[in-house]
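See below for entry_22.pdb, which holds PDB, C-alpha atoms and all ligand atoms.
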```pdb
ATOM      1  CA  MET D 101      86.419  58.700 118.986
ATOM      2  CA  LEU D 102      86.239  61.319 116.240
ATOM      3  CA  LYS D 103      89.381  60.339 114.310
ATOM      4  CA  ASN D 104      90.256  57.031 112.692
ATOM      5  CA  SER D 105      92.549  54.734 114.635
ATOM      6  CA  GLN D 106      94.761  51.863 113.538
ATOM      7  CA  HIS D 107      91.854  49.479 114.139
ATOM      8  CA  SER D 108      88.638  51.328 113.341
ATOM      9  CA  TYR D 109      87.018  54.217 111.523
ATOM     10  CA  GLY D 110      86.193  57.242 113.680
ATOM     11  CA  GLN D 111      82.736  58.752 114.212
ATOM     12  CA  LEU D 112      83.213  61.609 111.761
ATOM     13  CA  THR D 113      84.324  59.259 108.965
ATOM     14  CA  ARG D 114      81.280  57.056 109.617
ATOM     15  CA  ALA D 115      78.902  60.023 109.710
ATOM     16  CA  LEU D 116      80.247  61.418 106.416
ATOM     17  CA  HIS D 117      80.126  57.948 104.855
ATOM     18  CA  TRP D 118      76.463  57.319 105.736
ATOM     19  CA  LEU D 119      75.366  60.854 104.923
ATOM     20  CA  SER D 120      76.838  60.613 101.418
ATOM     21  CA  ALA D 121      75.500  57.053 100.950
ATOM     22  CA  LEU D 122      71.961  58.129 101.911
ATOM     23  CA  ALA D 123      72.158  61.207  99.684
ATOM     24  CA  VAL D 124      73.309  59.121  96.666
ATOM     25  CA  ILE D 125      70.512  56.589  97.296
ATOM     26  CA  ALA D 126      67.967  59.424  97.604
ATOM     27  CA  ALA D 127      69.224  61.057  94.361
ATOM     28  CA  LEU D 128      68.853  57.765  92.496
ATOM     29  CA  ALA D 129      65.452  56.985  94.059
ATOM     30  CA  PHE D 130      64.011  60.419  93.188
ATOM     31  CA  ILE D 131      65.159  60.298  89.555
ATOM     32  CA  GLU D 132      63.858  56.740  89.081
ATOM     33  CA  VAL D 133      60.488  57.394  90.795
ATOM     34  CA  LYS D 134      60.058  60.519  88.645
ATOM     35  CA  ASP D 135      59.138  58.335  85.658
ATOM     36  CA  PHE D 136      56.010  57.049  87.438
ATOM     37  CA  PHE D 137      54.421  60.489  87.067
ATOM     38  CA  PRO D 138      53.196  61.983  83.791
ATOM     39  CA  LYS D 139      55.210  64.760  82.162
ATOM     40  CA  GLY D 140      54.301  68.280  83.261
ATOM     41  CA  THR D 141      52.786  67.214  86.621
ATOM     42  CA  ALA D 142      53.728  68.806  89.945
ATOM     43  CA  LEU D 143      54.718  65.432  91.385
ATOM     44  CA  ARG D 144      57.177  64.787  88.569
ATOM     45  CA  ASP D 145      58.653  68.258  89.129
ATOM     46  CA  ALA D 146      58.886  67.527  92.859
ATOM     47  CA  MET D 147      60.824  64.305  92.165
ATOM     48  CA  LYS D 148      63.292  66.220  89.991
ATOM     49  CA  PHE D 149      63.608  68.862  92.680
ATOM     50  CA  GLY D 150      64.314  66.131  95.241
ATOM     51  CA  HIS D 151      66.954  64.686  92.896
ATOM     52  CA  PHE D 152      68.699  68.041  92.577
ATOM     53  CA  GLN D 153      68.659  68.609  96.351
ATOM     54  CA  ALA D 154      69.987  65.149  97.181
ATOM     55  CA  GLY D 155      72.685  65.518  94.496
ATOM     56  CA  LEU D 156      73.745  68.894  95.888
ATOM     57  CA  ILE D 157      74.012  67.343  99.353
ATOM     58  CA  VAL D 158      76.354  64.693  97.873
ATOM     59  CA  LEU D 159      78.571  67.473  96.541
ATOM     60  CA  LEU D 160      78.530  69.367  99.854
ATOM     61  CA  VAL D 161      79.418  66.252 101.835
ATOM     62  CA  VAL D 162      82.093  64.869  99.510
ATOM     63  CA  LEU D 163      84.349  67.925  99.884
ATOM     64  CA  PRO D 164      84.806  67.704 103.695
ATOM     65  CA  ARG D 165      84.875  63.925 103.314
ATOM     66  CA  LEU D 166      87.842  64.128 100.926
ATOM     67  CA  LEU D 167      89.632  66.611 103.200
ATOM     68  CA  TRP D 168      89.047  64.361 106.200
ATOM     69  CA  ARG D 169      90.193  61.307 104.188
ATOM     70  CA  VAL D 170      93.548  62.776 103.136
ATOM     71  CA  ASN D 171      94.245  64.038 106.661
ATOM     72  CA  ASN D 172      93.395  60.788 108.435
ATOM     73  CA  ARG D 173      94.976  57.379 108.496
ATOM     74  CA  VAL D 174      92.907  54.460 107.217
ATOM     75  CA  PRO D 175      92.527  51.539 109.646
ATOM     76  CA  ASP D 176      94.538  48.424 108.835
ATOM     77  CA  ILE D 177      92.689  45.490 107.300
ATOM     78  CA  THR D 178      93.364  42.240 109.141
ATOM     79  CA  PRO D 179      94.426  39.828 107.841
ATOM     80  CA  THR D 180      96.266  42.012 105.322
ATOM     81  CA  PRO D 181      94.918  41.344 101.791
ATOM     82  CA  ASN D 182      97.314  40.594  98.951
ATOM     83  CA  LYS D 183      98.740  43.503  96.952
ATOM     84  CA  PRO D 184      96.426  43.235  93.886
ATOM     85  CA  SER D 185      93.341  43.276  96.176
ATOM     86  CA  LEU D 186      94.635  46.296  98.080
ATOM     87  CA  LEU D 187      95.358  48.103  94.817
ATOM     88  CA  LEU D 188      91.895  47.283  93.464
ATOM     89  CA  ALA D 189      90.241  48.525  96.681
ATOM     90  CA  HIS D 190      92.276  51.724  96.503
ATOM     91  CA  VAL D 191      91.407  52.384  92.850
ATOM     92  CA  THR D 192      87.699  51.644  93.522
ATOM     93  CA  HIS D 193      87.552  54.043  96.476
ATOM     94  CA  TRP D 194      89.088  56.897  94.516
ATOM     95  CA  ALA D 195      86.850  56.170  91.515
ATOM     96  CA  LEU D 196      83.816  56.477  93.825
ATOM     97  CA  TYR D 197      85.102  59.783  95.202
ATOM     98  CA  ALA D 198      85.604  61.015  91.623
ATOM     99  CA  LEU D 199      82.022  60.010  90.730
ATOM    100  CA  MET D 200      80.627  61.743  93.819
ATOM    101  CA  LEU D 201      82.297  64.915  92.580
ATOM    102  CA  ALA D 202      81.683  64.530  88.856
ATOM    103  CA  LEU D 203      77.979  63.510  88.867
ATOM    104  CA  PRO D 204      76.664  66.514  90.831
ATOM    105  CA  LEU D 205      78.953  68.884  88.901
ATOM    106  CA  LEU D 206      77.709  67.502  85.576
ATOM    107  CA  GLY D 207      74.116  67.696  86.842
ATOM    108  CA  ILE D 208      74.603  71.335  87.830
ATOM    109  CA  ALA D 209      76.159  72.037  84.429
ATOM    110  CA  ILE D 210      73.113  70.489  82.685
ATOM    111  CA  VAL D 211      70.664  72.531  84.761
ATOM    112  CA  GLN D 212      72.613  75.779  84.401
ATOM    113  CA  GLY D 213      73.217  75.110  80.703
ATOM    114  CA  SER D 214      69.494  74.730  80.158
ATOM    115  CA  GLY D 215      68.973  78.327  81.298
ATOM    116  CA  HIS D 216      67.797  77.711  84.875
ATOM    117  CA  THR D 217      70.304  79.948  86.568
ATOM    118  CA  ARG D 218      68.889  80.161  90.088
ATOM    119  CA  LEU D 219      69.607  76.619  91.209
ATOM    120  CA  SER D 220      70.529  76.463  94.891
ATOM    121  CA  LEU D 221      70.178  74.128  97.833
ATOM    122  CA  ALA D 222      66.692  74.324  99.373
ATOM    123  CA  CYS D 223      65.614  76.952  96.861
ATOM    124  CA  ARG D 224      62.063  75.792  96.199
ATOM    125  CA  CYS D 225      61.793  77.935  93.115
ATOM    126  CA  ARG D 226      59.778  77.071  90.063
ATOM    127  CA  CYS D 227      62.703  78.307  87.938
ATOM    128  CA  CYS D 228      64.260  74.886  88.558
ATOM    129  CA  PHE D 229      61.555  73.357  86.442
ATOM    130  CA  ARG D 230      60.160  75.944  84.094
ATOM    131  CA  SER D 231      61.702  78.090  81.415
ATOM    132  CA  ALA D 232      60.217  81.462  80.369
ATOM    133  CA  GLY D 233      56.819  80.417  81.677
ATOM    134  CA  GLN D 234      56.747  77.261  79.569
ATOM    135  CA  PRO D 235      56.104  73.975  81.395
ATOM    136  CA  ARG D 236      59.067  71.603  81.131
ATOM    137  CA  THR D 237      58.210  68.456  79.252
ATOM    138  CA  THR D 238      60.953  66.160  80.599
TER     139      THR D 238
HETATM  140  C1  LIG U   1      75.554  61.903  93.235
HETATM  141  C2  LIG U   1      74.702  62.721  92.679
HETATM  142  C3  LIG U   1      73.889  62.383  91.461
HETATM  143  C4  LIG U   1      73.609  61.174  90.880
HETATM  144  C5  LIG U   1      74.056  59.779  91.333
HETATM  145  C6  LIG U   1      72.794  61.435  89.717
HETATM  146  C7  LIG U   1      72.276  60.458  88.894
HETATM  147  C8  LIG U   1      71.381  60.695  87.855
HETATM  148  C9  LIG U   1      70.715  59.693  87.095
HETATM  149  C10 LIG U   1      70.896  58.174  87.268
HETATM  150  C11 LIG U   1      69.925  60.306  86.199
HETATM  151  C12 LIG U   1      68.982  59.657  85.183
HETATM  152  C13 LIG U   1      69.634  59.540  83.831
HETATM  153  C14 LIG U   1      68.603  58.942  82.896
HETATM  154  O1  LIG U   1      68.351  57.748  83.004
HETATM  155  O2  LIG U   1      68.057  59.685  82.076
HETATM  156  C15 LIG U   1      70.084  61.727  86.385
HETATM  157  C16 LIG U   1      69.438  62.701  85.647
HETATM  158  C17 LIG U   1      69.567  64.037  85.846
HETATM  159  N1  LIG U   1      70.276  64.658  86.841
HETATM  160 FE1  LIG U   1      71.427  63.738  88.229
HETATM  161  N2  LIG U   1      72.595  62.788  89.601
HETATM  162  C18 LIG U   1      73.232  63.412  90.646
HETATM  163  C19 LIG U   1      73.281  64.755  90.931
HETATM  164  C20 LIG U   1      72.640  65.730  90.206
HETATM  165  C21 LIG U   1      72.646  67.151  90.511
HETATM  166  C22 LIG U   1      73.345  67.809  91.699
HETATM  167  C23 LIG U   1      71.905  67.755  89.553
HETATM  168  C24 LIG U   1      71.578  69.222  89.393
HETATM  169  C25 LIG U   1      71.503  70.055  90.358
HETATM  170  C26 LIG U   1      71.429  66.734  88.641
HETATM  171  C27 LIG U   1      70.667  66.986  87.530
HETATM  172  C28 LIG U   1      70.138  66.010  86.705
HETATM  173  C29 LIG U   1      69.288  66.288  85.573
HETATM  174  C30 LIG U   1      68.871  67.679  85.064
HETATM  175  C31 LIG U   1      68.920  65.057  85.034
HETATM  176  C32 LIG U   1      67.991  64.811  83.837
HETATM  177  C33 LIG U   1      66.587  64.735  84.427
HETATM  178  C34 LIG U   1      65.551  64.542  83.366
HETATM  179  O3  LIG U   1      65.332  63.389  82.953
HETATM  180  O4  LIG U   1      64.952  65.532  82.982
HETATM  181  N3  LIG U   1      71.898  65.523  89.073
HETATM  182  N4  LIG U   1      70.971  61.940  87.396
END
```
Please lay out the structure from this file as structure tokens.
Ligand code: HEM
Amino acid sequence: MLKNSQHSYGQLTRALHWLSALAVIAALAFIEVKDFFPKGTALRDAMKFGHFQAGLIVLLVVLPRLLWRVNNRVPDITPTPNKPSLLLAHVTHWALYALMLALPLLGIAIVQGSGHTRLSLACRCRCCFRSAGQPRTT
């Protein structure tokens, strides 16, 4: 079933959940692995490129995910947790949504602010990594 029911999450909710989870994990993995490669190398640039792409996918997925979330019921938890636990779960979920929006937007702002204006999904352009012909050193 595509939509959530009283007892379980629907297929679309699950697909959006796992897609965003994998994209966040990939973004973190790329940016951490980047440090294994010396500055100025193609592999380091490729890791940064992978980070940008995965982060952009997070942003693209979180928007339909939020729309789907506000237009769908959430399955009941059984047995029903106490009120403080429910409140904490609610606050945590919305904080995660906020982070999935804010982190890619801040990342884009950093990249654009550094003068690399042609950032786009799947754009394998060297402009993502180099400025005015100078190799990036980060
Ligand atoms: C959910 C998505 C994202 C997560 C979780 C995330 C997370 C991170 C983390 C953990 C770092 C390393 C910070 C450090 O230790 O120095 C980082 C760095 C960075 N991120 Fe993201 N990021 C995301 C999306 C993006 C996007 C979409 C962009 C741009 C298109 C971006 C651009 C950058 C840049 C430019 C850096 C600095 C890289 C460097 O060291 O030169 N991020 N990000």
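Computed from the coordinates, the CA of Lys148 in chain D to CA of Leu122 in chain D distance equals 16.8 Å.
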Any idea what's packed within 9 Å of Ile208 in chain D, counting only C-alpha atoms, ignoring anything in its chain fewer than 5 positions away? Could you give it as a PDB file with C-alpha atoms, in the frame of the given file?
```
ATOM      1  CA  PHE D 152      68.699  68.041  92.577  1.00  0.00           C
ATOM      2  CA  LEU D 156      73.745  68.894  95.888  1.00  0.00           C
ATOM      3  CA  LEU D 203      77.979  63.510  88.867  1.00  0.00           C
ATOM      4  CA  GLY D 213      73.217  75.110  80.703  1.00  0.00           C
ATOM      5  CA  LEU D 219      69.607  76.619  91.209  1.00  0.00           C
TER       6      LEU D 219
END
```
Any chance you could tabulate, as a tab-separated table, the residues of chain D at most 8 Å from ligand LIG 1 (chain U) with each one's nearest atom pair and distance in Å to one decimal, using only C-alpha atoms and all ligand atoms, in chain and rising number order?
```
residue	atom	partner	partner_atom	distance
D:Ala123	CA	U:LIG1	C1	7.3
D:Val124	CA	U:LIG1	C1	5.0
D:Ile125	CA	U:LIG1	C5	7.6
D:Ala127	CA	U:LIG1	C4	5.6
D:Leu128	CA	U:LIG1	C10	5.6
D:Ile131	CA	U:LIG1	C11	5.8
D:Glu132	CA	U:LIG1	C12	7.1
D:Lys148	CA	U:LIG1	C33	6.6
D:His151	CA	U:LIG1	N3	6.3
D:Phe152	CA	U:LIG1	C25	4.1
D:Gln153	CA	U:LIG1	C22	6.7
D:Ala154	CA	U:LIG1	C2	7.0
D:Gly155	CA	U:LIG1	C22	3.7
D:Leu156	CA	U:LIG1	C22	4.3
D:Ile157	CA	U:LIG1	C22	7.7
D:Val158	CA	U:LIG1	C1	5.5
D:Leu159	CA	U:LIG1	C22	7.1
D:Leu199	CA	U:LIG1	C1	7.2
D:Met200	CA	U:LIG1	C1	5.1
D:Leu201	CA	U:LIG1	C1	7.4
D:Ala202	CA	U:LIG1	C1	8.0
D:Leu203	CA	U:LIG1	C3	5.0
D:Pro204	CA	U:LIG1	C22	3.7
D:Leu205	CA	U:LIG1	C22	6.4
D:Leu206	CA	U:LIG1	C26	7.0
D:Gly207	CA	U:LIG1	C26	3.4
D:Ile208	CA	U:LIG1	C24	4.0
D:Ala209	CA	U:LIG1	C24	7.3
D:Ile210	CA	U:LIG1	C30	5.6
D:Val211	CA	U:LIG1	C30	5.2
D:Leu219	CA	U:LIG1	C25	6.9
D:Ser220	CA	U:LIG1	C25	7.9
D:Thr238	CA	U:LIG1	O4	4.7
```
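Going from CA of Met147 in chain D to CA of Leu166 in chain D covers 28.4 Å.
Atom to atom, CA of Arg165 in chain D and CA of Lys103 in chain D stand 12.4 Å apart.
Every residue within 7 Å of the file position (95.1, 53.9, 111.0), judged by all atoms listed in the file, is given as Asn104, Ser105, Gln106, His107, Arg173, Val174, Pro175 and Asp176 of chain D.
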Where atoms are lacking, range 146-176 of chain D completed to N, CA and C atoms, as a JSON list (two decimals), in the frame of the given file:
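After the write, rebuild-v1.json holds the following:
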```json
[["chain", "number", "residue", "atom", "x", "y", "z"],
["D", 146, "ALA", "N", 58.41, 67.67, 91.48],
["D", 146, "ALA", "CA", 58.89, 67.53, 92.86],
["D", 146, "ALA", "C", 59.96, 66.45, 92.94],
["D", 147, "MET", "N", 59.81, 65.37, 92.16],
["D", 147, "MET", "CA", 60.82, 64.31, 92.16],
["D", 147, "MET", "C", 62.15, 64.83, 91.61],
["D", 148, "LYS", "N", 62.06, 65.64, 90.56],
["D", 148, "LYS", "CA", 63.29, 66.22, 89.99],
["D", 148, "LYS", "C", 63.94, 67.17, 90.99],
["D", 149, "PHE", "N", 63.09, 67.95, 91.66],
["D", 149, "PHE", "CA", 63.61, 68.86, 92.68],
["D", 149, "PHE", "C", 64.32, 68.07, 93.79],
["D", 150, "GLY", "N", 63.70, 66.98, 94.21],
["D", 150, "GLY", "CA", 64.31, 66.13, 95.24],
["D", 150, "GLY", "C", 65.65, 65.58, 94.76],
["D", 151, "HIS", "N", 65.71, 65.20, 93.47],
["D", 151, "HIS", "CA", 66.95, 64.69, 92.90],
["D", 151, "HIS", "C", 68.05, 65.75, 92.96],
["D", 152, "PHE", "N", 67.70, 66.96, 92.56],
["D", 152, "PHE", "CA", 68.70, 68.04, 92.58],
["D", 152, "PHE", "C", 69.21, 68.27, 94.01],
["D", 153, "GLN", "N", 68.27, 68.33, 94.96],
["D", 153, "GLN", "CA", 68.66, 68.61, 96.35],
["D", 153, "GLN", "C", 69.57, 67.51, 96.90],
["D", 154, "ALA", "N", 69.18, 66.26, 96.67],
["D", 154, "ALA", "CA", 69.99, 65.15, 97.18],
["D", 154, "ALA", "C", 71.37, 65.17, 96.52],
["D", 155, "GLY", "N", 71.41, 65.46, 95.21],
["D", 155, "GLY", "CA", 72.68, 65.52, 94.50],
["D", 155, "GLY", "C", 73.58, 66.64, 95.02],
["D", 156, "LEU", "N", 72.96, 67.78, 95.34],
["D", 156, "LEU", "CA", 73.74, 68.89, 95.89],
["D", 156, "LEU", "C", 74.30, 68.53, 97.28],
["D", 157, "ILE", "N", 73.52, 67.77, 98.03],
["D", 157, "ILE", "CA", 74.01, 67.34, 99.35],
["D", 157, "ILE", "C", 75.24, 66.43, 99.18],
["D", 158, "VAL", "N", 75.19, 65.56, 98.15],
["D", 158, "VAL", "CA", 76.35, 64.69, 97.87],
["D", 158, "VAL", "C", 77.59, 65.56, 97.66],
["D", 159, "LEU", "N", 77.43, 66.60, 96.84],
["D", 159, "LEU", "CA", 78.57, 67.47, 96.54],
["D", 159, "LEU", "C", 79.07, 68.18, 97.81],
["D", 160, "LEU", "N", 78.14, 68.66, 98.63],
["D", 160, "LEU", "CA", 78.53, 69.37, 99.85],
["D", 160, "LEU", "C", 79.22, 68.45, 100.85],
["D", 161, "VAL", "N", 78.83, 67.18, 100.85],
["D", 161, "VAL", "CA", 79.42, 66.25, 101.84],
["D", 161, "VAL", "C", 80.75, 65.69, 101.34],
["D", 162, "VAL", "N", 80.88, 65.53, 100.01],
["D", 162, "VAL", "CA", 82.09, 64.87, 99.51],
["D", 162, "VAL", "C", 83.34, 65.75, 99.71],
["D", 163, "LEU", "N", 83.17, 67.06, 99.74],
["D", 163, "LEU", "CA", 84.35, 67.92, 99.88],
["D", 163, "LEU", "C", 84.98, 67.78, 101.28],
["D", 164, "PRO", "N", 84.20, 67.97, 102.39],
["D", 164, "PRO", "CA", 84.81, 67.70, 103.70],
["D", 164, "PRO", "C", 85.24, 66.25, 103.86],
["D", 165, "ARG", "N", 84.51, 65.34, 103.19],
["D", 165, "ARG", "CA", 84.88, 63.92, 103.31],
["D", 165, "ARG", "C", 86.27, 63.67, 102.71],
["D", 166, "LEU", "N", 86.53, 64.29, 101.56],
["D", 166, "LEU", "CA", 87.84, 64.13, 100.93],
["D", 166, "LEU", "C", 88.94, 64.74, 101.80],
["D", 167, "LEU", "N", 88.65, 65.95, 102.32],
["D", 167, "LEU", "CA", 89.63, 66.61, 103.20],
["D", 167, "LEU", "C", 89.95, 65.74, 104.42],
["D", 168, "TRP", "N", 88.89, 65.21, 105.02],
["D", 168, "TRP", "CA", 89.05, 64.36, 106.20],
["D", 168, "TRP", "C", 89.81, 63.08, 105.85],
["D", 169, "ARG", "N", 89.55, 62.55, 104.64],
["D", 169, "ARG", "CA", 90.19, 61.31, 104.19],
["D", 169, "ARG", "C", 91.70, 61.49, 104.01],
["D", 170, "VAL", "N", 92.11, 62.61, 103.39],
["D", 170, "VAL", "CA", 93.55, 62.78, 103.14],
["D", 170, "VAL", "C", 94.30, 63.17, 104.41],
["D", 171, "ASN", "N", 93.57, 63.65, 105.42],
["D", 171, "ASN", "CA", 94.24, 64.04, 106.66],
["D", 171, "ASN", "C", 94.11, 63.00, 107.78],
["D", 172, "ASN", "N", 93.59, 61.83, 107.43],
["D", 172, "ASN", "CA", 93.40, 60.79, 108.44],
["D", 172, "ASN", "C", 93.99, 59.48, 107.96],
["D", 173, "ARG", "N", 94.50, 58.70, 108.88],
["D", 173, "ARG", "CA", 94.98, 57.38, 108.50],
["D", 173, "ARG", "C", 93.76, 56.48, 108.25],
["D", 174, "VAL", "N", 93.97, 55.43, 107.45],
["D", 174, "VAL", "CA", 92.91, 54.46, 107.22],
["D", 174, "VAL", "C", 93.23, 53.24, 108.09],
["D", 175, "PRO", "N", 92.23, 52.69, 108.79],
["D", 175, "PRO", "CA", 92.53, 51.54, 109.65],
["D", 175, "PRO", "C", 93.10, 50.37, 108.85],
["D", 176, "ASP", "N", 93.96, 49.60, 109.49],
["D", 176, "ASP", "CA", 94.54, 48.42, 108.84],
["D", 176, "ASP", "C", 93.46, 47.37, 108.62]]
```
